[in-house]
file model15.cif (mmCIF, C-alpha atoms)
data_input
loop_
_atom_site.label_atom_id
_atom_site.label_comp_id
_atom_site.auth_asym_id
_atom_site.auth_seq_id
_atom_site.Cartn_x
_atom_site.Cartn_y
_atom_site.Cartn_z
CA MET A 19 0.00 0.00 0.00
CA LYS A 20 1.41 3.38 -0.98
CA PHE A 21 2.00 5.95 1.74
CA ASP A 22 -0.55 8.43 0.37
CA GLU A 23 -3.20 5.67 0.40
CA ILE A 24 -2.46 4.96 4.07
CA GLN A 25 -2.95 8.64 4.94
CA LYS A 26 -6.45 8.61 3.40
CA LEU A 27 -7.62 5.62 5.44
CA ILE A 28 -6.63 6.54 8.97
CA THR A 29 -7.32 9.35 11.44
CA LEU A 30 -3.72 9.74 12.62
CA ASP A 31 -1.36 12.41 11.34
CA ILE A 32 1.52 10.38 9.92
CA ASP A 33 3.24 13.02 7.80
CA GLY A 34 6.48 12.68 9.77
CA TRP A 35 6.54 8.90 9.39
CA GLN A 36 7.07 8.67 5.65
CA PHE A 37 10.83 8.31 6.25
CA LEU A 38 10.12 5.11 8.24
CA TYR A 39 7.90 3.71 5.49
CA GLU A 40 10.60 4.42 2.90
CA ALA A 41 13.36 2.95 5.10
CA ALA A 42 11.35 -0.26 5.49
CA LEU A 43 10.97 -0.46 1.71
CA ARG A 44 14.79 -0.19 1.33
CA ALA A 45 15.36 -3.25 3.54
CA PRO A 46 15.59 -6.74 2.03
CA VAL A 47 12.25 -8.52 1.64
CA GLY A 48 11.43 -10.18 4.95
CA ASN A 49 9.84 -9.67 8.33
CA ILE A 50 9.38 -6.21 9.80
CA VAL A 51 9.33 -5.82 13.60
CA GLU A 52 8.26 -2.76 15.57
CA ILE A 53 9.04 -2.44 19.27
CA GLY A 54 6.78 0.25 20.74
CA CYS A 55 3.53 1.02 18.91
CA ALA A 56 2.02 3.70 21.19
CA PHE A 57 -0.52 5.66 19.12
CA GLY A 58 0.01 3.62 15.95
CA ASN A 59 1.55 6.31 13.71
CA SER A 60 4.64 4.25 13.01
CA SER A 61 2.66 1.00 13.03
CA VAL A 62 0.38 1.93 10.15
CA SER A 63 3.40 3.13 8.16
CA LEU A 64 5.22 -0.17 8.70
CA VAL A 65 2.17 -2.33 7.99
CA GLY A 66 1.67 -0.41 4.74
CA ALA A 67 5.31 -1.07 3.84
CA ALA A 68 4.88 -4.77 4.69
CA HIS A 69 1.93 -4.95 2.33
CA GLU A 70 3.85 -3.15 -0.41
CA LYS A 71 6.76 -5.61 -0.02
CA GLY A 72 4.57 -8.69 0.35
CA CYS A 73 5.84 -9.52 3.85
CA HIS A 74 4.65 -9.47 7.47
CA CYS A 75 4.92 -6.87 10.24
CA TYR A 76 5.09 -7.86 13.91
CA LEU A 77 4.06 -5.13 16.36
CA ILE A 78 5.11 -5.38 20.01
CA ASP A 79 3.95 -3.17 22.87
CA PRO A 80 2.39 -3.85 26.28
CA LEU A 81 0.52 -0.51 25.99
CA ASN A 82 0.49 -0.14 29.73
CA ASN A 83 1.00 3.66 30.00
CA ASN A 84 3.54 3.03 32.75
CA GLU A 85 5.75 6.14 32.84
CA GLU A 86 8.40 4.20 34.77
CA ASP A 87 8.62 1.69 31.91
CA TYR A 88 8.47 4.18 29.07
CA ASN A 89 10.03 7.40 30.34
CA LEU A 90 8.62 9.12 27.26
CA GLY A 91 8.86 12.65 28.54
CA HIS A 92 5.26 13.40 27.58
CA GLU A 93 1.85 12.29 28.75
CA ALA A 94 0.90 9.01 27.08
CA THR A 95 -2.84 9.60 26.69
CA ASN A 96 -5.05 7.47 24.43
CA THR A 97 -2.30 4.88 24.19
CA ASN A 98 -4.42 1.77 24.34
CA GLU A 99 -5.08 -1.36 22.41
CA GLU A 100 -8.44 -0.26 21.00
CA TYR A 101 -6.98 2.98 19.60
CA LEU A 102 -4.05 1.18 17.98
CA LEU A 103 -6.17 -1.64 16.56
CA ARG A 104 -8.78 0.76 15.14
CA GLU A 105 -6.10 2.48 13.06
CA LEU A 106 -4.57 -0.81 11.93
CA ARG A 107 -7.96 -2.27 10.96
CA ALA A 108 -8.72 0.83 8.88
CA LEU A 109 -5.93 -0.27 6.53
CA ASN A 110 -7.76 -3.54 5.79
CA LEU A 111 -4.42 -5.38 5.69
CA ARG A 112 -4.97 -7.87 8.52
CA SER A 113 -2.99 -10.63 6.81
CA HIS A 114 0.13 -8.45 6.96
CA TRP A 115 0.39 -7.81 10.71
CA THR A 116 0.45 -9.53 14.10
CA TYR A 117 0.22 -7.62 17.36
CA PHE A 118 1.84 -8.88 20.58
CA LYS A 119 0.58 -7.11 23.71
CA ASN A 120 3.68 -7.84 25.76
CA TYR A 121 7.16 -6.59 26.54
CA SER A 122 9.68 -6.91 23.72
CA TRP A 123 12.13 -8.93 25.81
CA GLU A 124 9.42 -11.52 26.48
CA ILE A 125 8.54 -11.84 22.80
CA ALA A 126 12.23 -12.01 21.84
CA LYS A 127 12.47 -15.30 23.76
CA ILE A 128 9.93 -16.98 21.47
CA PHE A 129 10.43 -15.07 18.20
CA LYS A 130 12.54 -17.24 15.89
CA GLU A 131 11.98 -15.57 12.51
CA PRO A 132 14.75 -13.64 10.74
CA ILE A 133 14.11 -9.89 10.52
CA SER A 134 14.87 -7.58 7.60
CA PHE A 135 13.70 -4.35 9.28
CA LEU A 136 13.55 -3.52 13.00
CA PHE A 137 12.15 -0.31 14.49
CA ILE A 138 13.07 0.25 18.15
CA ASP A 139 10.87 2.84 19.87
CA GLY A 140 9.78 1.16 23.10
CA CYS A 141 11.02 1.87 26.58
CA HIS A 142 13.45 4.81 26.56
CA VAL A 143 15.30 3.86 29.75
CA TYR A 144 18.91 2.99 28.85
CA GLU A 145 18.78 -0.56 30.24
CA CYS A 146 15.58 -1.28 28.29
CA VAL A 147 16.87 0.13 25.00
CA LYS A 148 20.07 -1.87 25.42
CA LYS A 149 18.06 -5.01 26.17
CA ASP A 150 16.04 -4.44 22.97
CA TRP A 151 19.26 -4.09 20.97
CA GLU A 152 20.83 -7.18 22.53
CA ASN A 153 17.71 -9.33 22.13
CA TRP A 154 16.69 -8.28 18.63
CA SER A 155 19.72 -7.16 16.60
CA PRO A 156 21.10 -10.73 16.29
CA LYS A 157 17.91 -11.65 14.41
CA ILE A 158 18.64 -9.12 11.63
CA VAL A 159 19.51 -10.58 8.21
CA LYS A 160 22.48 -9.45 6.09
CA ASN A 161 21.81 -5.92 4.79
CA GLY A 162 18.87 -5.66 7.19
CA ILE A 163 18.03 -2.29 8.70
CA ILE A 164 17.55 -1.23 12.31
CA VAL A 165 16.05 2.17 13.10
CA MET A 166 16.29 3.54 16.64
CA HIS A 167 13.84 6.38 17.20
CA ASP A 168 14.31 9.32 19.55
CA ALA A 169 18.07 9.47 19.04
CA GLY A 170 18.02 12.79 20.93
CA PHE A 171 17.06 11.13 24.22
CA GLU A 172 20.15 10.83 26.43
CA SER A 173 19.57 7.12 27.05
CA VAL A 174 19.02 6.26 23.38
CA GLY A 175 21.91 8.49 22.28
CA ARG A 176 24.22 6.80 24.77
CA LEU A 177 23.47 3.37 23.31
CA ILE A 178 23.81 4.68 19.75
CA MET A 179 27.32 5.89 20.54
CA GLU A 180 28.20 2.44 21.89
CA ILE A 181 26.73 0.69 18.84
CA LYS A 182 28.57 2.93 16.40
CA GLN A 183 31.77 1.30 17.64
CA SER A 184 30.50 -2.11 16.45
CA GLU A 185 29.94 -3.66 13.04
CA PHE A 186 26.85 -1.57 12.28
CA PRO A 187 27.47 1.55 10.15
CA SER A 188 24.80 4.21 10.68
CA ARG A 189 23.41 7.59 9.73
CA ASN A 190 20.90 9.96 11.34
CA GLU A 191 17.64 10.71 9.56
CA ASN A 192 14.60 12.55 10.98
CA GLY A 193 15.86 12.24 14.56
CA SER A 194 16.30 8.48 14.25
CA GLU A 195 19.52 6.52 13.90
CA ILE A 196 19.51 4.03 11.03
CA PHE A 197 21.86 1.02 11.18
CA ILE A 198 22.50 -1.42 8.34
CA LYS A 199 23.88 -4.87 9.15
CA LYS A 200 26.77 -5.81 6.90
CA GLY A 201 28.40 -9.23 6.57
CA ASP A 202 26.96 -12.45 7.94
#
call {"tool": "encode", "arguments": {"input": "model15.cif", "output": "structure tokens"}}
result
Amino acid sequence: MKFDEIQKLITLDIDGWQFLYEAALRAPVGNIVEIGCAFGNSSVSLVGAAHEKGCHCYLIDPLNNNEEDYNLGHEATNTNEEYLLRELRALNLRSHWTYFKNYSWEIAKIFKEPISFLFIDGCHVYECVKKDWENWSPKIVKNGIIVMHDAGFESVGRLIMEIKQSEFPSRNENGSEIFIKKGD
């Protein structure tokens, strides 16, 4: 589904999420995983990209509005399952997405599929972001892409600086850090 078609079907303002849609399209064909759905802006963009590529998008978020878990820096109102699912259902692409209402580290234990595109935007506490990286980045295929949102947060930025010293080259785009896995 093209990005402009997605915008016509949903009530969310997703103008700023086109970069994520386009980044997902640049990844190899394969599974897309989103950690942290919140209001669904990024989710509908990624599900649309999954449809366009003929693949599947896995969405992971406990949607518990727990400020201690998320440390978002803003009030997380209307962040609930019904709100998210309403927007996703408006796309009429149910065969292209699966939603897990759970913590990403719990799903990582059972998720065995290779991933071509990973979007990390869950808990913004350093230990949580690091746990997401450690649990999910090994599942990325060669030339797969990982996008870490909110690169300006101290905790996320700290981890990005650590990762940049590894095998993942990166660049910053729209306030997110984009990593591409090279080699095997």
call {"tool": "residues_around", "arguments": {"input": "model15.cif", "residues": "segment 22-27 of chain A", "least_positions_apart": "3", "cutoff": "10 Å", "atoms": "only C-alpha atoms", "output": "MDAnalysis selection string"}}
result
chainID A and resid 19 30:33 36 62:63 65:67 105:110
call {"tool": "resolve_selection", "arguments": {"input": "model15.cif", "expression": "the PyMOL selection byres ((chain A and resi 45-51) around 7)", "output": "list in words"}}
result
Ala41, Ala42, Leu43, Arg44, Glu52, Ile53, Ala68, Lys71, Cys73, His74, Cys75, Tyr76, Leu77, Pro132, Ile133, Ser134, Phe135, Leu136, Phe137, Asn161, Gly162 and Ile163 of chain A
call {"tool": "resolve_selection", "arguments": {"input": "model15.cif", "expression": "the PyMOL selection byres ((chain A and resi 98) around 8)", "output": "ChimeraX atom specification"}}
result
/A:56-57,81-82,96-97,99-102
call {"tool": "atom_distance", "arguments": {"input": "model15.cif", "atom1": "atom CA of Ser194 of chain A", "atom2": "atom CA of Ala169 of chain A"}}
result
5.2 Å
call {"tool": "residues_near_point", "arguments": {"input": "model15.cif", "point": "(14.7, -13.5, 13.8)", "cutoff": "7 Å", "atoms": "only C-alpha atoms", "output": "list in words"}}
result
Phe129, Lys130, Glu131, Pro132, Ile133, Lys157 and Ile158 of chain A
call {"tool": "write_last_selection", "arguments": {"input": "model15.cif", "atoms": "C-alpha atoms", "output": "mmCIF file, in the coordinates of the input"}}
result
data_model
loop_
_atom_site.group_PDB
_atom_site.id
_atom_site.type_symbol
_atom_site.label_atom_id
_atom_site.label_comp_id
_atom_site.auth_asym_id
_atom_site.auth_seq_id
_atom_site.Cartn_x
_atom_site.Cartn_y
_atom_site.Cartn_z
ATOM 1 C CA PHE A 129 10.430 -15.070 18.200
ATOM 2 C CA LYS A 130 12.540 -17.240 15.890
ATOM 3 C CA GLU A 131 11.980 -15.570 12.510
ATOM 4 C CA PRO A 132 14.750 -13.640 10.740
ATOM 5 C CA ILE A 133 14.110 -9.890 10.520
ATOM 6 C CA LYS A 157 17.910 -11.650 14.410
ATOM 7 C CA ILE A 158 18.640 -9.120 11.630
#
call {"tool": "atom_distance", "arguments": {"input": "model15.cif", "atom1": "atom CA of Glu191 of chain A", "atom2": "atom CA of Phe37 of chain A"}}
result
7.9 Å
call {"tool": "resolve_selection", "arguments": {"input": "model15.cif", "expression": "the PyMOL selection byres ((chain A and resi 190) around 12)", "output": "PDB file with C-alpha atoms, in the frame of the given file"}}
result
ATOM      1  CA  PHE A  37      10.830   8.310   6.250  1.00  0.00           C
ATOM      2  CA  ILE A 164      17.550  -1.230  12.310  1.00  0.00           C
ATOM      3  CA  VAL A 165      16.050   2.170  13.100  1.00  0.00           C
ATOM      4  CA  MET A 166      16.290   3.540  16.640  1.00  0.00           C
ATOM      5  CA  HIS A 167      13.840   6.380  17.200  1.00  0.00           C
ATOM      6  CA  ASP A 168      14.310   9.320  19.550  1.00  0.00           C
ATOM      7  CA  ALA A 169      18.070   9.470  19.040  1.00  0.00           C
ATOM      8  CA  GLY A 170      18.020  12.790  20.930  1.00  0.00           C
ATOM      9  CA  GLY A 175      21.910   8.490  22.280  1.00  0.00           C
ATOM     10  CA  ILE A 178      23.810   4.680  19.750  1.00  0.00           C
ATOM     11  CA  MET A 179      27.320   5.890  20.540  1.00  0.00           C
ATOM     12  CA  LYS A 182      28.570   2.930  16.400  1.00  0.00           C
ATOM     13  CA  PRO A 187      27.470   1.550  10.150  1.00  0.00           C
ATOM     14  CA  SER A 188      24.800   4.210  10.680  1.00  0.00           C
ATOM     15  CA  ARG A 189      23.410   7.590   9.730  1.00  0.00           C
ATOM     16  CA  GLU A 191      17.640  10.710   9.560  1.00  0.00           C
ATOM     17  CA  ASN A 192      14.600  12.550  10.980  1.00  0.00           C
ATOM     18  CA  GLY A 193      15.860  12.240  14.560  1.00  0.00           C
ATOM     19  CA  SER A 194      16.300   8.480  14.250  1.00  0.00           C
ATOM     20  CA  GLU A 195      19.520   6.520  13.900  1.00  0.00           C
ATOM     21  CA  ILE A 196      19.510   4.030  11.030  1.00  0.00           C
ATOM     22  CA  PHE A 197      21.860   1.020  11.180  1.00  0.00           C
ATOM     23  CA  ILE A 198      22.500  -1.420   8.340  1.00  0.00           C
TER      24      ILE A 198
END
call {"tool": "atom_distance", "arguments": {"input": "model15.cif", "atom1": "atom CA of Ile28 of chain A", "atom2": "atom CA of Leu103 of chain A"}}
result
11.2 Å
call {"tool": "residues_around", "arguments": {"input": "model15.cif", "residues": "Ser173 of chain A", "least_positions_apart": "2", "cutoff": "7 Å", "atoms": "all atoms listed in the file", "output": "PDB file with C-alpha atoms, keeping the file's coordinate frame"}}
result
ATOM      1  CA  HIS A 142      13.450   4.810  26.560  1.00  0.00           C
ATOM      2  CA  VAL A 143      15.300   3.860  29.750  1.00  0.00           C
ATOM      3  CA  TYR A 144      18.910   2.990  28.850  1.00  0.00           C
ATOM      4  CA  PHE A 171      17.060  11.130  24.220  1.00  0.00           C
ATOM      5  CA  GLY A 175      21.910   8.490  22.280  1.00  0.00           C
ATOM      6  CA  ARG A 176      24.220   6.800  24.770  1.00  0.00           C
ATOM      7  CA  LEU A 177      23.470   3.370  23.310  1.00  0.00           C
TER       8      LEU A 177
END
call {"tool": "residues_around", "arguments": {"input": "model15.cif", "residues": "Asp79 of chain A", "least_positions_apart": "6", "cutoff": "7 Å", "atoms": "all atoms listed in the file", "output": "short mmCIF file (atom, residue, chain, number, x, y, z; two decimals) with C-alpha atoms, in the frame of the given file"}}
result
data_model
loop_
_atom_site.label_atom_id
_atom_site.label_comp_id
_atom_site.auth_asym_id
_atom_site.auth_seq_id
_atom_site.Cartn_x
_atom_site.Cartn_y
_atom_site.Cartn_z
CA ILE A 53 9.04 -2.44 19.27
CA GLY A 54 6.78 0.25 20.74
CA CYS A 55 3.53 1.02 18.91
CA PHE A 118 1.84 -8.88 20.58
CA LYS A 119 0.58 -7.11 23.71
CA ASN A 120 3.68 -7.84 25.76
CA TYR A 121 7.16 -6.59 26.54
CA SER A 122 9.68 -6.91 23.72
#
call {"tool": "closest_residue", "arguments": {"input": "model15.cif", "among": "A:Leu38, A:Ile138, A:Ile181, A:Ile125", "to": "Asp150 of chain A", "atoms": "all atoms listed in the file"}}
result
A:Ile138
call {"tool": "axis_aligned_box", "arguments": {"input": "model15.cif", "around": "segment 119-137 of chain A", "padding_each_side": "6 Å", "output": "JSON"}}
result
{"center_x": 7.7, "center_y": -8.8, "center_z": 17.1, "size_x": 26.3, "size_y": 28.9, "size_z": 30.9}
call {"tool": "build_atoms", "arguments": {"input": "model15.cif", "residues": "segment 22-44 of chain A", "atoms": "N, CA and C atoms", "output": "compact mmCIF listing (two decimals), keeping the file's coordinate frame"}}
result
# COMPACT_ATOMS: atom_id res chain seq x y z
N ASP A 22 0.58 7.50 0.50
CA ASP A 22 -0.55 8.43 0.37
C ASP A 22 -1.89 7.72 0.55
N GLU A 23 -1.98 6.44 0.19
CA GLU A 23 -3.20 5.67 0.40
C GLU A 23 -3.44 5.43 1.90
N ILE A 24 -2.36 5.17 2.62
CA ILE A 24 -2.46 4.96 4.07
C ILE A 24 -3.03 6.21 4.72
N GLN A 25 -2.51 7.37 4.35
CA GLN A 25 -2.95 8.64 4.94
C GLN A 25 -4.44 8.87 4.76
N LYS A 26 -5.02 8.41 3.67
CA LYS A 26 -6.45 8.61 3.40
C LYS A 26 -7.34 7.72 4.25
N LEU A 27 -6.81 6.60 4.74
CA LEU A 27 -7.62 5.62 5.44
C LEU A 27 -7.67 5.78 6.96
N ILE A 28 -6.73 6.50 7.51
CA ILE A 28 -6.63 6.54 8.97
C ILE A 28 -6.87 7.95 9.50
N THR A 29 -7.07 8.05 10.82
CA THR A 29 -7.32 9.35 11.44
C THR A 29 -6.05 9.98 11.99
N LEU A 30 -4.97 9.23 12.07
CA LEU A 30 -3.72 9.74 12.62
C LEU A 30 -3.01 10.66 11.63
N ASP A 31 -2.24 11.59 12.16
CA ASP A 31 -1.36 12.41 11.34
C ASP A 31 -0.02 11.70 11.24
N ILE A 32 0.29 11.15 10.07
CA ILE A 32 1.52 10.38 9.92
C ILE A 32 2.52 11.03 8.97
N ASP A 33 2.35 12.32 8.73
CA ASP A 33 3.24 13.02 7.80
C ASP A 33 4.72 12.78 8.12
N GLY A 34 5.09 12.84 9.38
CA GLY A 34 6.48 12.68 9.77
C GLY A 34 7.00 11.26 9.70
N TRP A 35 6.15 10.30 9.37
CA TRP A 35 6.54 8.90 9.39
C TRP A 35 6.83 8.34 8.00
N GLN A 36 6.79 9.17 6.99
CA GLN A 36 7.07 8.67 5.65
C GLN A 36 8.51 8.15 5.55
N PHE A 37 9.45 8.79 6.28
CA PHE A 37 10.83 8.31 6.25
C PHE A 37 10.92 6.86 6.72
N LEU A 38 10.10 6.46 7.72
CA LEU A 38 10.12 5.11 8.24
C LEU A 38 9.57 4.13 7.20
N TYR A 39 8.49 4.51 6.56
CA TYR A 39 7.90 3.71 5.49
C TYR A 39 8.93 3.47 4.39
N GLU A 40 9.61 4.53 3.97
CA GLU A 40 10.60 4.42 2.90
C GLU A 40 11.82 3.61 3.34
N ALA A 41 12.24 3.75 4.59
CA ALA A 41 13.36 2.95 5.10
C ALA A 41 13.01 1.47 5.10
N ALA A 42 11.79 1.14 5.49
CA ALA A 42 11.35 -0.26 5.49
C ALA A 42 11.34 -0.82 4.06
N LEU A 43 10.97 0.00 3.11
CA LEU A 43 10.97 -0.46 1.71
C LEU A 43 12.40 -0.71 1.21
N ARG A 44 13.39 -0.01 1.75
CA ARG A 44 14.79 -0.19 1.33
C ARG A 44 15.41 -1.47 1.89
